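Read the structure below first, then the notes.
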Amino acid sequence: MLHNIDVTSSNMAAPVNSVGKTSGDRFQVNCTSFQKKTRSKLISIPGTRPSVQNGQLLVSTGVTSLDYLLGGGLAVGTVLLIEEDRFDSYSRMILKYFLAEGVVCRHELFVATAQDNPDEILQELPAPILDDVAVPKPVDQPRPTGEPQDSLDAMTIAWRYQNLPKVQSALASSSRFGHYYDVSKTMEAEIRQAAKCHRFYLPDHITPSSAAHSARVESYSALLKSLQEVIHREGFDLATPMSKSRNILRVGLHSLGSALWGDDMCCHDKPRHGHALTTFLYGLRALLRSSLSVAVVTLPSHLIQDRALMGNITRLCDNAIALESFKGSERETNPLYKDYHGLLFVRQVPHLNCLARQLPDHKDLAFKLKRKQFTIESPGLRSGSTKNKLRQL
Amino acid sequence: MFTELNSILNTSPDSFTRGEFILVSDRQSDASFLIHHFLSFYLRARCKVCFLGLAQSFCHYSAVSQRLGVSLTQAMEKGQLVFFEGLKECLSVLLPKENNVESEAMNFLRDPPVGLRSLYEFVCSSVIGSGSMEEEGAEQWGPSVLLVDDLSVLLSLGVDVGAVLDFSHYCRALVCSQMQGNMVMLVRCNGEEDDDDDGDEGSEVLLKGLTHQCNLNLHVQGLPTGYCKDIHGQMEVCWKRRQGDAPHMQKNLFQYKVHDKGASFFSRGTSSAVL
């Protein structure tokens, strides 16, 4: 089990970095999430692991194939932007995976919505598939190894491990990075309620009459303020001393930019508040870089007419993907895509604390939501059909 | 500092042209690796650097600079580097608290029409600053350099294109003409060059205006033939010199690949992945 939070370029990458960071001559700047913590006790946060490439602290998005695309996971202190598919089905699903992963890893959640109540999203979280049994099984008496295998439980290859006691608790597997979920079932209430969740439901904060006449979009400022309060109050700020155990705050922002947030970006070609969302994203980046949090933002990009604005928004987020589902389009019946539910585009990968980005191998990716897995792969290169494809060339 | 880029541009930390405005621009790509090059270049050249880091946090620049062999914290302690961290300052304006003093330089966040005057005054004070005072044991630094990463963030935050052009003009008059120092700015564009889309008019106008003002333009783009994992893009180097009476423009095209500790540049088609 790893014990340091080595959130910056680690020792393996830059051998000189420890020289400048001794407590004696360290310049007193406000730390960001990527500052190596030299003075503190080295503790590990469950559900995180350092990146292999540059030592940044990563959390899982809840979807293992998406973690792989993003270079191992979502770096703490960054934002993942998901451009919603037309009916907001799969982007909402990924948001739910993200929050469910937070529950399983015992992270804290912050959910902000303008449309549905945050509790509705929380009640729809998929149930985690835990390979350990919830009910404790009695330890069997040791079986002689030569006995014929008549029970299904007996191991035939790893017989040396037959007599080890079975693990009892359901959530002990939270030490693993990335879990699998069964989308046909919802998470049980007691697992969900064990996680601390902060909610921001826009109608509770803004009265409609005041928002309509203001020159600025007040909802984003209220959201930013609420997020800062939670970060400060619950101790996710990097500036607070490391006396108690640290945790990660997972921020899920649903459908930002839609008209329900008071933004007219999706309604007009030349929006009046064209810069409200970009200013918010800038403030969000500032908040996240200085705290132990990670955010997933979904955005109905198909409603935005201004492509340049979309480019600005993408640049202000660190990771960005776009989903396009086949539902209702002519691609649904296209034989090439019959095994998939939609296309996934990687719009941006981050390069934080290093010069080079980890670019994906393939840019044409498709996804499929199966009951127990959300797979993302390149449609032409599935392992079984590679040989056939090569023969056709 | 990328040694190959130094040989392309025919400069070195010991000898470089003064009074230059270098524009780094990109189109649907990311040219910020060049900003890191120039930052480490001018720090090694013992210049007094004012860096407006608007896009990323200080730790990001510090980590990358360490890989390139310069330490930003040491430079700040010695007084060689003045670092303006946009992300940190913006929170004091976006989320004002009663006892916190609002950052003056970012007051355009509160009210975009007010323009970038306060930001310019910040640049003024750091570039001119203690130049005339002789402190005890203070080291003498070389010419002042202003680096901005990047101007397009200002556009995203609601500042008018005219205000950004004015700001760059004022900075150029101060840094390049008056102080005989250098200035490097990064501008990012989104759309295709031939698109008549008036959505991105702002950054196109800004790019055109700055390209006209600059002495050296490094324009980074993706490969015209599509995405390639081994070659990250192409860079066009455009010098504007005056030879005699006539202005003379010289262009060169290179392809590049960004590594962990630098970037390599090569002529078209000579990438190691191809040969």
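Chain labels run A, B, ... following the order of the structure tokens; each chain numbers its residues from 1, and ligands are numbered from 1 in the order shown.
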
(request) Run DSSP on the backbone and grab whatever in segment 210-267 of chain B lands in strand (DSSP E or B); send it over as a ChimeraX atom specification. (result) /B:216-221,233-243,246-258,263-266

With N, CA and C atoms retained, could you export that selection as a CSV table (one decimal), in the first residue's frame?
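Just written: again-v3.csv:
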```csv
chain,number,residue,atom,x,y,z
B,216,LEU,N,8.7,38.2,-34.6
B,216,LEU,CA,8.9,36.8,-34.9
B,216,LEU,C,7.6,36.1,-34.5
B,217,ASN,N,7.1,35.2,-35.4
B,217,ASN,CA,5.9,34.5,-35.1
B,217,ASN,C,6.2,33.0,-35.2
B,218,LEU,N,5.8,32.3,-34.1
B,218,LEU,CA,5.9,30.8,-34.1
B,218,LEU,C,4.5,30.3,-34.1
B,219,HIS,N,4.1,29.8,-35.3
B,219,HIS,CA,2.7,29.4,-35.4
B,219,HIS,C,2.6,27.9,-35.4
B,220,VAL,N,1.9,27.3,-34.4
B,220,VAL,CA,1.9,25.9,-34.3
B,220,VAL,C,0.5,25.4,-34.7
B,221,GLN,N,0.5,24.3,-35.5
B,221,GLN,CA,-0.7,23.7,-36.0
B,221,GLN,C,-0.6,22.2,-36.0
B,233,GLY,N,2.9,17.8,-34.5
B,233,GLY,CA,2.3,18.9,-35.2
B,233,GLY,C,3.4,19.6,-36.0
B,234,GLN,N,3.0,20.7,-36.6
B,234,GLN,CA,4.0,21.5,-37.4
B,234,GLN,C,4.1,22.9,-36.8
B,235,MET,N,5.3,23.5,-37.0
B,235,MET,CA,5.5,24.8,-36.5
B,235,MET,C,6.1,25.7,-37.6
B,236,GLU,N,5.4,26.8,-37.8
B,236,GLU,CA,5.9,27.7,-38.9
B,236,GLU,C,6.6,28.9,-38.2
B,237,VAL,N,7.8,29.1,-38.6
B,237,VAL,CA,8.6,30.2,-38.0
B,237,VAL,C,8.6,31.3,-39.1
B,238,CYS,N,8.2,32.5,-38.6
B,238,CYS,CA,8.1,33.6,-39.6
B,238,CYS,C,8.9,34.8,-39.0
B,239,TRP,N,10.0,35.2,-39.6
B,239,TRP,CA,10.7,36.4,-39.2
B,239,TRP,C,10.2,37.6,-40.0
B,240,LYS,N,10.2,38.7,-39.4
B,240,LYS,CA,9.9,40.0,-40.1
B,240,LYS,C,11.0,40.9,-39.8
B,241,ARG,N,11.8,41.1,-40.8
B,241,ARG,CA,13.0,41.9,-40.6
B,241,ARG,C,12.9,43.1,-41.6
B,242,ARG,N,13.7,44.1,-41.2
B,242,ARG,CA,13.8,45.2,-42.2
B,242,ARG,C,15.2,45.1,-42.8
B,243,GLN,N,15.2,44.9,-44.1
B,243,GLN,CA,16.5,44.9,-44.7
B,243,GLN,C,16.6,46.1,-45.6
B,246,ALA,N,13.1,48.0,-47.3
B,246,ALA,CA,12.0,47.1,-47.5
B,246,ALA,C,11.8,46.1,-46.4
B,247,PRO,N,10.6,45.9,-45.9
B,247,PRO,CA,10.5,44.8,-44.9
B,247,PRO,C,10.6,43.4,-45.6
B,248,HIS,N,11.2,42.5,-44.9
B,248,HIS,CA,11.5,41.2,-45.5
B,248,HIS,C,10.9,40.2,-44.6
B,249,MET,N,10.2,39.2,-45.1
B,249,MET,CA,9.6,38.2,-44.3
B,249,MET,C,10.2,36.8,-44.8
B,250,GLN,N,10.6,36.1,-43.8
B,250,GLN,CA,11.2,34.8,-44.1
B,250,GLN,C,10.4,33.7,-43.3
B,251,LYS,N,10.0,32.7,-44.0
B,251,LYS,CA,9.2,31.7,-43.4
B,251,LYS,C,9.9,30.3,-43.5
B,252,ASN,N,9.7,29.5,-42.4
B,252,ASN,CA,10.3,28.2,-42.4
B,252,ASN,C,9.3,27.3,-41.7
B,253,LEU,N,9.2,26.0,-42.2
B,253,LEU,CA,8.3,25.1,-41.6
B,253,LEU,C,9.0,23.9,-41.0
B,254,PHE,N,8.6,23.6,-39.8
B,254,PHE,CA,9.2,22.4,-39.1
B,254,PHE,C,8.1,21.6,-38.5
B,255,GLN,N,8.5,20.3,-38.3
B,255,GLN,CA,7.6,19.5,-37.6
B,255,GLN,C,8.2,19.2,-36.2
B,256,TYR,N,7.4,18.9,-35.2
B,256,TYR,CA,8.0,18.8,-33.9
B,256,TYR,C,7.3,17.6,-33.1
B,257,LYS,N,8.1,17.2,-32.1
B,257,LYS,CA,7.5,16.2,-31.2
B,257,LYS,C,7.9,16.6,-29.8
B,258,VAL,N,7.0,16.6,-28.9
B,258,VAL,CA,7.3,17.1,-27.5
B,258,VAL,C,7.6,15.9,-26.7
B,263,ALA,N,11.7,19.3,-26.6
B,263,ALA,CA,10.9,19.0,-27.8
B,263,ALA,C,12.0,18.9,-28.9
B,264,SER,N,11.7,18.1,-29.9
B,264,SER,CA,12.6,18.0,-31.0
B,264,SER,C,11.9,18.5,-32.3
B,265,PHE,N,12.7,19.2,-33.1
B,265,PHE,CA,12.2,19.8,-34.3
B,265,PHE,C,13.0,19.2,-35.5
B,266,PHE,N,12.2,19.0,-36.5
B,266,PHE,CA,12.9,18.4,-37.7
B,266,PHE,C,12.2,18.9,-39.0
```

(message) Give me the residues near His205 of chain A as a PyMOL selection string, where near means some atom within 10 Å (using only C-alpha atoms) and where sequence neighbours in that chain fewer than 3 positions away do not count.
(response) chain A and resi 200-202+208+218-219+222-223+226

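Relative to atom CA of Arg44 of chain B, atom CA of Ser25 of chain B is found at 23.3 Å.
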
I'd like the contact shell of Pro143 of chain B - 8 Å cut-off, only C-alpha atoms, skipping same-chain residues fewer than 5 positions apart - returned as a PDB file with C-alpha atoms, in the first residue's frame.
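To be explicit, this is the file written out as selection.pdb:
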```pdb
ATOM      1  CA  ARG B  18      16.771  42.759 -27.899  1.00  0.00           C
ATOM      2  CA  CYS B  47      17.114  38.527 -17.689  1.00  0.00           C
ATOM      3  CA  LYS B  48      14.601  40.045 -15.348  1.00  0.00           C
ATOM      4  CA  MET B 179      13.211  49.183 -21.857  1.00  0.00           C
ATOM      5  CA  GLN B 180      14.764  47.442 -24.898  1.00  0.00           C
ATOM      6  CA  GLY B 181      13.638  44.115 -23.562  1.00  0.00           C
ATOM      7  CA  ASN B 182      11.719  41.264 -25.164  1.00  0.00           C
TER       8      ASN B 182
END
```

Counting only C-alpha atoms, what are the residues of chain B within 8 Å of chain A, and for each of them which pair of atoms is the nearest and at what distance in Å, to one decimal? Sort the table by chain and rising number, as JSON lines.
```
{"residue": "B:Phe33", "atom": "CA", "partner": "A:Leu355", "partner_atom": "CA", "distance": 6.1}
{"residue": "B:Ser57", "atom": "CA", "partner": "A:Arg289", "partner_atom": "CA", "distance": 7.1}
{"residue": "B:Phe58", "atom": "CA", "partner": "A:Thr32", "partner_atom": "CA", "distance": 8.0}
{"residue": "B:Cys59", "atom": "CA", "partner": "A:Phe34", "partner_atom": "CA", "distance": 6.4}
{"residue": "B:His60", "atom": "CA", "partner": "A:Asn353", "partner_atom": "CA", "distance": 4.5}
{"residue": "B:Tyr61", "atom": "CA", "partner": "A:Asn353", "partner_atom": "CA", "distance": 6.9}
{"residue": "B:Ser62", "atom": "CA", "partner": "A:Asn353", "partner_atom": "CA", "distance": 7.8}
{"residue": "B:Ala63", "atom": "CA", "partner": "A:Asn353", "partner_atom": "CA", "distance": 5.2}
{"residue": "B:Val64", "atom": "CA", "partner": "A:Cys354", "partner_atom": "CA", "distance": 5.2}
{"residue": "B:Gln66", "atom": "CA", "partner": "A:Asn17", "partner_atom": "CA", "distance": 7.0}
{"residue": "B:Arg67", "atom": "CA", "partner": "A:Ala14", "partner_atom": "CA", "distance": 6.2}
{"residue": "B:Ser71", "atom": "CA", "partner": "A:Gly20", "partner_atom": "CA", "distance": 7.6}
{"residue": "B:Thr73", "atom": "CA", "partner": "A:Phe27", "partner_atom": "CA", "distance": 6.1}
{"residue": "B:Gln74", "atom": "CA", "partner": "A:Gly20", "partner_atom": "CA", "distance": 7.7}
{"residue": "B:Glu77", "atom": "CA", "partner": "A:Phe27", "partner_atom": "CA", "distance": 7.3}
{"residue": "B:Leu87", "atom": "CA", "partner": "A:Ala286", "partner_atom": "CA", "distance": 4.8}
{"residue": "B:Lys88", "atom": "CA", "partner": "A:Ala286", "partner_atom": "CA", "distance": 6.2}
{"residue": "B:Cys90", "atom": "CA", "partner": "A:Gly283", "partner_atom": "CA", "distance": 6.9}
{"residue": "B:Leu91", "atom": "CA", "partner": "A:Gly283", "partner_atom": "CA", "distance": 6.3}
{"residue": "B:Leu94", "atom": "CA", "partner": "A:Gly283", "partner_atom": "CA", "distance": 7.1}
{"residue": "B:Leu95", "atom": "CA", "partner": "A:Lys225", "partner_atom": "CA", "distance": 6.4}
{"residue": "B:Leu109", "atom": "CA", "partner": "A:Thr279", "partner_atom": "CA", "distance": 8.0}
{"residue": "B:Ser156", "atom": "CA", "partner": "A:Thr278", "partner_atom": "CA", "distance": 6.0}
{"residue": "B:Leu157", "atom": "CA", "partner": "A:Thr279", "partner_atom": "CA", "distance": 5.2}
{"residue": "B:Gly158", "atom": "CA", "partner": "A:His275", "partner_atom": "CA", "distance": 5.3}
{"residue": "B:Asn190", "atom": "CA", "partner": "A:Ala308", "partner_atom": "CA", "distance": 6.1}
{"residue": "B:Gly191", "atom": "CA", "partner": "A:Ala308", "partner_atom": "CA", "distance": 6.7}
{"residue": "B:Gly199", "atom": "CA", "partner": "A:Ala308", "partner_atom": "CA", "distance": 5.7}
{"residue": "B:Asp200", "atom": "CA", "partner": "A:Ala308", "partner_atom": "CA", "distance": 5.1}
{"residue": "B:Lys229", "atom": "CA", "partner": "A:Leu359", "partner_atom": "CA", "distance": 7.0}
{"residue": "B:Val258", "atom": "CA", "partner": "A:Ala356", "partner_atom": "CA", "distance": 5.5}
{"residue": "B:His259", "atom": "CA", "partner": "A:Ala356", "partner_atom": "CA", "distance": 5.4}
{"residue": "B:Asp260", "atom": "CA", "partner": "A:Ala356", "partner_atom": "CA", "distance": 5.5}
{"residue": "B:Lys261", "atom": "CA", "partner": "A:Leu355", "partner_atom": "CA", "distance": 7.0}
{"residue": "B:Gly262", "atom": "CA", "partner": "A:Leu355", "partner_atom": "CA", "distance": 7.2}
```

Okay, now the selection with N, CA and C atoms, as a short mmCIF file (atom, residue, chain, number, x, y, z; two decimals), in the first residue's frame?
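The resulting file, again05.cif, is shown below:
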```cif
data_model
loop_
_atom_site.label_atom_id
_atom_site.label_comp_id
_atom_site.auth_asym_id
_atom_site.auth_seq_id
_atom_site.Cartn_x
_atom_site.Cartn_y
_atom_site.Cartn_z
N PHE B 33 4.06 24.60 -24.88
CA PHE B 33 5.41 24.09 -24.62
C PHE B 33 6.46 25.11 -25.03
N SER B 57 -1.61 26.79 -12.84
CA SER B 57 -1.14 27.17 -11.51
C SER B 57 0.38 27.27 -11.49
N PHE B 58 0.89 27.91 -10.46
CA PHE B 58 2.34 28.10 -10.35
C PHE B 58 3.07 26.77 -10.30
N CYS B 59 2.48 25.80 -9.62
CA CYS B 59 3.17 24.52 -9.47
C CYS B 59 3.38 23.82 -10.81
N HIS B 60 2.46 24.03 -11.73
CA HIS B 60 2.62 23.42 -13.06
C HIS B 60 3.85 23.99 -13.73
N TYR B 61 3.95 25.33 -13.78
CA TYR B 61 5.10 25.96 -14.43
C TYR B 61 6.39 25.58 -13.72
N SER B 62 6.30 25.54 -12.40
CA SER B 62 7.49 25.22 -11.62
C SER B 62 7.96 23.80 -11.91
N ALA B 63 7.02 22.86 -11.98
CA ALA B 63 7.40 21.47 -12.23
C ALA B 63 8.01 21.30 -13.61
N VAL B 64 7.42 21.95 -14.60
CA VAL B 64 7.95 21.80 -15.95
C VAL B 64 9.32 22.48 -16.05
N GLN B 66 11.46 22.83 -13.79
CA GLN B 66 12.46 22.03 -13.11
C GLN B 66 13.00 20.95 -14.03
N ARG B 67 12.10 20.40 -14.84
CA ARG B 67 12.56 19.39 -15.79
C ARG B 67 13.45 19.99 -16.85
N SER B 71 14.89 26.68 -11.70
CA SER B 71 14.01 26.62 -10.55
C SER B 71 13.30 27.95 -10.40
N THR B 73 11.20 28.92 -8.04
CA THR B 73 11.17 29.45 -6.68
C THR B 73 12.48 30.15 -6.35
N GLN B 74 13.59 29.58 -6.81
CA GLN B 74 14.86 30.25 -6.55
C GLN B 74 14.93 31.57 -7.30
N GLU B 77 13.01 34.10 -5.41
CA GLU B 77 13.68 34.54 -4.20
C GLU B 77 14.79 35.52 -4.50
N LEU B 87 -4.79 32.28 -11.59
CA LEU B 87 -5.80 31.45 -10.93
C LEU B 87 -5.98 31.85 -9.48
N LYS B 88 -4.86 32.11 -8.81
CA LYS B 88 -4.95 32.44 -7.40
C LYS B 88 -5.59 33.81 -7.20
N CYS B 90 -7.66 35.36 -9.14
CA CYS B 90 -9.03 35.52 -9.62
C CYS B 90 -10.03 35.20 -8.54
N LEU B 91 -9.67 34.28 -7.64
CA LEU B 91 -10.64 33.91 -6.62
C LEU B 91 -10.96 35.08 -5.69
N LEU B 94 -13.61 36.87 -7.83
CA LEU B 94 -14.84 36.14 -8.12
C LEU B 94 -15.61 35.81 -6.85
N LEU B 95 -14.88 35.57 -5.77
CA LEU B 95 -15.54 35.22 -4.51
C LEU B 95 -15.04 36.18 -3.46
N LEU B 109 -12.34 41.06 -14.09
CA LEU B 109 -13.27 39.95 -13.90
C LEU B 109 -14.60 40.45 -13.35
N SER B 156 -11.58 34.74 -23.11
CA SER B 156 -12.61 33.87 -22.55
C SER B 156 -13.26 34.47 -21.33
N LEU B 157 -12.52 35.33 -20.64
CA LEU B 157 -13.07 35.89 -19.42
C LEU B 157 -13.87 37.15 -19.70
N GLY B 158 -14.09 37.45 -20.97
CA GLY B 158 -15.01 38.53 -21.28
C GLY B 158 -14.35 39.85 -21.64
N ASN B 190 -9.19 28.79 -32.49
CA ASN B 190 -9.95 27.56 -32.57
C ASN B 190 -10.27 27.12 -33.97
N GLY B 191 -10.76 28.07 -34.76
CA GLY B 191 -11.40 27.66 -36.00
C GLY B 191 -10.41 27.42 -37.12
N GLY B 199 -18.15 33.45 -35.32
CA GLY B 199 -18.11 33.09 -33.91
C GLY B 199 -16.76 33.38 -33.30
N ASP B 200 -15.72 33.01 -34.03
CA ASP B 200 -14.40 33.16 -33.44
C ASP B 200 -13.74 34.43 -33.91
N LYS B 229 0.66 9.96 -33.83
CA LYS B 229 1.12 9.91 -32.45
C LYS B 229 2.60 10.30 -32.33
N VAL B 258 6.99 16.63 -28.89
CA VAL B 258 7.25 17.08 -27.53
C VAL B 258 7.58 15.86 -26.67
N HIS B 259 8.73 15.93 -25.97
CA HIS B 259 9.08 14.85 -25.05
C HIS B 259 8.83 15.30 -23.64
N ASP B 260 9.27 14.44 -22.74
CA ASP B 260 9.19 14.75 -21.34
C ASP B 260 10.06 15.95 -20.96
N LYS B 261 11.24 16.02 -21.52
CA LYS B 261 12.18 17.04 -21.11
C LYS B 261 12.52 18.02 -22.21
N GLY B 262 11.75 18.05 -23.23
CA GLY B 262 12.07 18.99 -24.28
C GLY B 262 11.24 18.70 -25.50
#
```

(request) Please provide as a PyMOL selection string all residues within 9 Å of Glu104 of chain B, with the sequence filter that same-chain residues fewer than 3 positions apart are discarded (counting only C-alpha atoms). (result) chain B and resi 89+93+101+107-108+118-119+122

(message) Under the rule that only C-alpha atoms are counted, which of B:Glu102, B:Asp230, B:Glu121, B:Asp149 is the nearest residue to Met183 of chain B?
(response) B:Asp149

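Close contacts of Thr375 of chain A, defined as residues with an atom at most 9 Å away when counting only C-alpha atoms, with chain neighbours fewer than 3 positions off set aside, comprise Val63, Thr64, Ser65, Leu66, Ala366, Phe367, Lys368, Leu369 and Lys370 of chain A.
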
(request) Tell me which protein, DNA and RNA residues are within 10 Å of Ser168 of chain B, counting only C-alpha atoms, leaving out same-chain ones fewer than 2 positions away, and put them as a PyMOL selection string. (result) chain B and resi 21+116+120+148+151+162-166+170-174+183+185+209-210+213

(message) Need the shell around segment 34-38 of chain B: protein/DNA/RNA residues with any atom at most 6 Å away, counting only C-alpha atoms. Skip same-chain ones fewer than 3 positions apart. Format as a PyMOL selection string?
(response) chain B and resi 1+31+41

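Reported to one decimal place, the separation of atom CA of His341 of chain A from atom CA of Val111 of chain A is 26.5 Å.
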
(request) Report the distance between atom CA of Glu190 of chain A and atom CA of Tyr90 of chain A in Å, rounded to one decimal place. (result) 25.7 Å
